[in-house]
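Enquirer: Next up is a structure, given as structure tokens.
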Protein chains: 2
Amino acid sequence: MRKIAILGVGQTPVDEHWDKSLRELGGEAAFAALHDAGLERAEGLFVGNMLSPLVDGQNQLGALLADWIGMWHQEAVKIEAACGSGAAAFRAALMAVASGELESALVVGVEKMTDRVGHDVTAALATAADADYEADQGISFVGINALVMRRYMHEFGWKHADFAPFSINAHANAAHNPFARLHDPITLNRFEKSSMVATPINLLDASPIGDGAAAAVIVPAELLGARYAPPQPGRPRVLVAASGVATDTIAVHSRKDPLFLDAAYESSRRAYDQAGVGPGDIELFELHDAFSIMSALSLEACGFAERGQGVRLGLENEISLRGRVPICTRGGLKARGHPVGATGMYQIVEVVQQLRGECGPSQVEGAKTGMAQNIGGSGASVLTHILQAG
Amino acid sequence: MRKIAILGVGQTPVDEHWDKSLRELGGEAAFAALHDAGLERAEGLFVGNMLSPLVDGQNQLGALLADWIGMWHQEAVKIEAACGSGAAAFRAALMAVASGELESALVVGVEKMTDRVGHDVTAALATAADADYEADQGISFVGINALVMRRYMHEFGWKHADFAPFSINAHANAAHNPFARLHDPITLNRFEKSSMVATPINLLDASPIGDGAAAAVIVPAELLGARYAPPQPGRPRVLVAASGVATDTIAVHSRKDPLFLDAAYESSRRAYDQAGVGPGDIELFELHDAFSIMSALSLEACGFAERGQGVRLGLENEISLRGRVPICTRGGLKARGHPVGATGMYQIVEVVQQLRGECGPSQVEGAKTGMAQNIGGSGASVLTHILQAG
């Protein structure tokens, strides 16, 4: 695929934005990204969102946002792949620009979950599960993940406290991210005493919902410096080295092995192949830690740990900023917050900030290659992007 | 953009399919299109759907259908642009194949509306309107179109019966389409006496909802005959000559002129430019007749009639199979039925069938160039595709 550059990024804090509508949130991130890119508008708009028809009573977010941000009459569409919607919109935009049909594209992930006009959020999130074979049984989305976590603990002999480092690491990193929802560091003691949500998942295993939007502007890399301004002095170009996607059954019980994320494996393998790198070359990994169990499973599927040994990376301090594979460097889903359809774009924005060296106390020193993996459902739609500075 | 060919198409009848789930409907159309293309599967799947989260409690239709039809671990995503979702998915697939990222793509438009597990369909359809400024006032989607129609009648001096030819033509053509929902021809008398829905829109001005799915398989045109089998003897190749898209404000009251579809104008102009043709070259036009007023407005926006004169084409019999611009040749939304997120793909399938000469009594003789226009909302997301036999 034609080489694509990320020209600008922007985001809103993840929070309870009761004073901002869906279009205002999306617009805020979009304008920030356009400003960062030095553009007034892009040729096309790709919106990632999961819940707006259910929670906000609004469909057609492409047209909604294109109008709001003044991209009148331009191409605009919404992409949905449950919690993987943000990165799915990013990939659709990559292909649109790579095809030559558009020269520039704005991608916005946006979600507004806290002051709903429609559905209860737990019921709305259950639409990421299989309606006929999972949700119809009355199980919630956290319930599905709880079954997976309990089986993992049983199968590989881990206890609940072994998952604590994922949460502690995410909270520690979020303290330095002004866009994160939670800024309070936590301890093992607090993790262990946190309220139970669905055994064995407690409140500190689970990512909080939130309202938020994150955006990026992309253009063909060969037009940097010609048609589009080169990066500011001292700021490296950020290129998309790879975009890998794979799917799996939505229902967890239909998989050969509920404890291995086949689609995360396939998606990362495709991305590694495209970029010509392996797990050892990844200097930071924004993974999809919707629940702590998902961190372990993602690390295993992407080749950072043996099967059943993902939690060991946390226990051995390999996931921190100076570890072998720094994860959740801006707080991850756990502490930055998880506005579901926007999350994939927050991850892209965060990797760009790391590669630009803009992360202050949570900077991964000298990082040139970062990876983001966005997951829809319990591993059903998985998108992996590798970004490189250069 | 790289030239793309449509290798195969398939569809289910539009009906009340209470015995078939969302995945079964989508699968039926997908398998028909793959069979028609002579393929077992495609490299990627693009699903157009508007209502499944609301009506069926199911998101993530990309992964759902990829699993069901045996495209395990392949790329799959859902695209939403309200009632324009089907053609929006088609365009996303075009760009994916044109980018070289995928060599073949399957596009499925699917909608299941009649035996809902969730929302009332009228409330669900209102998500195509502006939630903050239209739906919040309590107006339904048909109500919005009724306001537009009344204003059009007032402004240009037409009476309700002047819209009858749109409905009569659609019903007459649907009689020969085994996939259409309605097969009964209607008369002017029946049109005039039909029950009122939202004055001046009566039951025969409005398209019926329904369950259904329509699909197509696309590949790069240059691979036909080499990697993919050439068309069967006597069956022409069908190429995508143009794909145009444009957006407008969702709220009708925000537009400069509520009686002109700016996005339909822009979208068709872009398509004409790409294909190097004009309205006079279009031999059939599958337009988005969700309501009879939309037929008039679409014909005007696309250059087939002067402003305010779209209804004249019906009154002068220019929209019939032997007229100047045959529309709704397989029944249109009005009589084939309008399973909202699937409709755009039904239109593509129908244009392909016309260009292949497979339409029997409703064949437009010798047609080589056909156009399909799919509209989301009251003209907010508009996609225009021009297909050519050759």
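Identifiers for the structure tokens are assigned positionally: chains receive A, B, ... in sequence, residues are indexed from 1 per chain, and ligands are indexed from 1 in the order shown.
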May I have the residues of chain A within 6 Å of chain B, counting only C-alpha atoms, written as a list in words?
Expert: Met1, Gly57, Gln58, Asn59, Gln60, Ala63, Asp67, His73, Gln74, Glu75, Val77, Lys78, Ile79, Glu80, Ala81, Ala82, Met95, Ala96, Ala98, Ser99, Glu101, Thr127, Ala128, Ala131, Val245, Ala246, Thr247, Asp248 and Thr249 of chain A
Enquirer: Excluding same-chain residues fewer than 3 positions from Cys302 in chain B, what lies within 12 Å of it counting only C-alpha atoms, as a VMD selection string?
Expert: chain B and resid 244 260 to 272 278 to 280 282 285 to 288 294 to 299 305 to 307 310 325 371 to 373 382 to 384
Enquirer: Among range 82-199 of chain B, which residues carry a DSSP assignment of helix (DSSP H, G or I), reported as a count of residues only?
Expert: 62
Enquirer: Can you list, as a ChimeraX atom specification, every residue of range 74-261 of chain B that DSSP puts in strand (DSSP E or B)?
Expert: /B:75-81,83,105-111,196-198,201-202,206,211-220,224,228,238-247
Enquirer: Using only C-alpha atoms, which protein or nucleic acid residues come within 6 Å of Glu111 in chain A? Drop anything in the same chain fewer than 6 positions from it, and give the result as a list of chain:residue names.
Expert: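 Contacts, in chain order: A:Asp211, A:Gly212, A:Pro339, A:Gly341, A:Ala342.
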Enquirer: What's the 9 Å shell around range 190-206 of chain A, counting only C-alpha atoms, without same-chain residues fewer than 4 positions away, as a PyMOL selection string?
Expert: chain A and resi 142-143+145-147+149-150+160-161+163-164+166-168+186+289-293+333-334
Enquirer: Between CA of Asn169 in chain B and CA of Ser320 in chain B, what is the spacing in Å?
Expert: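 According to the coordinates, CA of Ser320 in chain B and CA of Asn169 in chain B are separated by 6.3 Å.
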Enquirer: Would you compute the distance between CA of Pro233 in chain B and CA of Ala5 in chain B? Give it in Å to one decimal.
Expert: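 It comes out at 16.5 Å.
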Enquirer: Tell me, as a ChimeraX atom specification, which residues lie within 10 Å of Phe31 in chain A, counting only C-alpha atoms; anything in the same chain fewer than 6 positions away does not count.
Expert: /A:9-11,37,39-41,69,106,215-216
Enquirer: Could the residues in this selection be saved with C-alpha atoms as a PDB file, in the first residue's frame?
Expert:
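As a result, out.pdb now contains:
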ATOM      1  CA  VAL A   9      -3.496  14.661  15.766  1.00  0.00           C
ATOM      2  CA  GLY A  10      -5.945  15.992  18.344  1.00  0.00           C
ATOM      3  CA  GLN A  11      -8.085  14.816  21.243  1.00  0.00           C
ATOM      4  CA  ALA A  37      -1.757  19.497  10.614  1.00  0.00           C
ATOM      5  CA  LEU A  39      -5.022  22.513   7.420  1.00  0.00           C
ATOM      6  CA  GLU A  40      -8.482  24.082   7.312  1.00  0.00           C
ATOM      7  CA  ARG A  41     -10.141  20.864   6.226  1.00  0.00           C
ATOM      8  CA  ILE A  69     -16.742  21.276  11.156  1.00  0.00           C
ATOM      9  CA  LEU A 106      -9.604  13.314   8.650  1.00  0.00           C
ATOM     10  CA  ALA A 215      -8.635  12.522  15.622  1.00  0.00           C
ATOM     11  CA  ALA A 216      -5.860  12.382  13.040  1.00  0.00           C
TER      12      ALA A 216
END
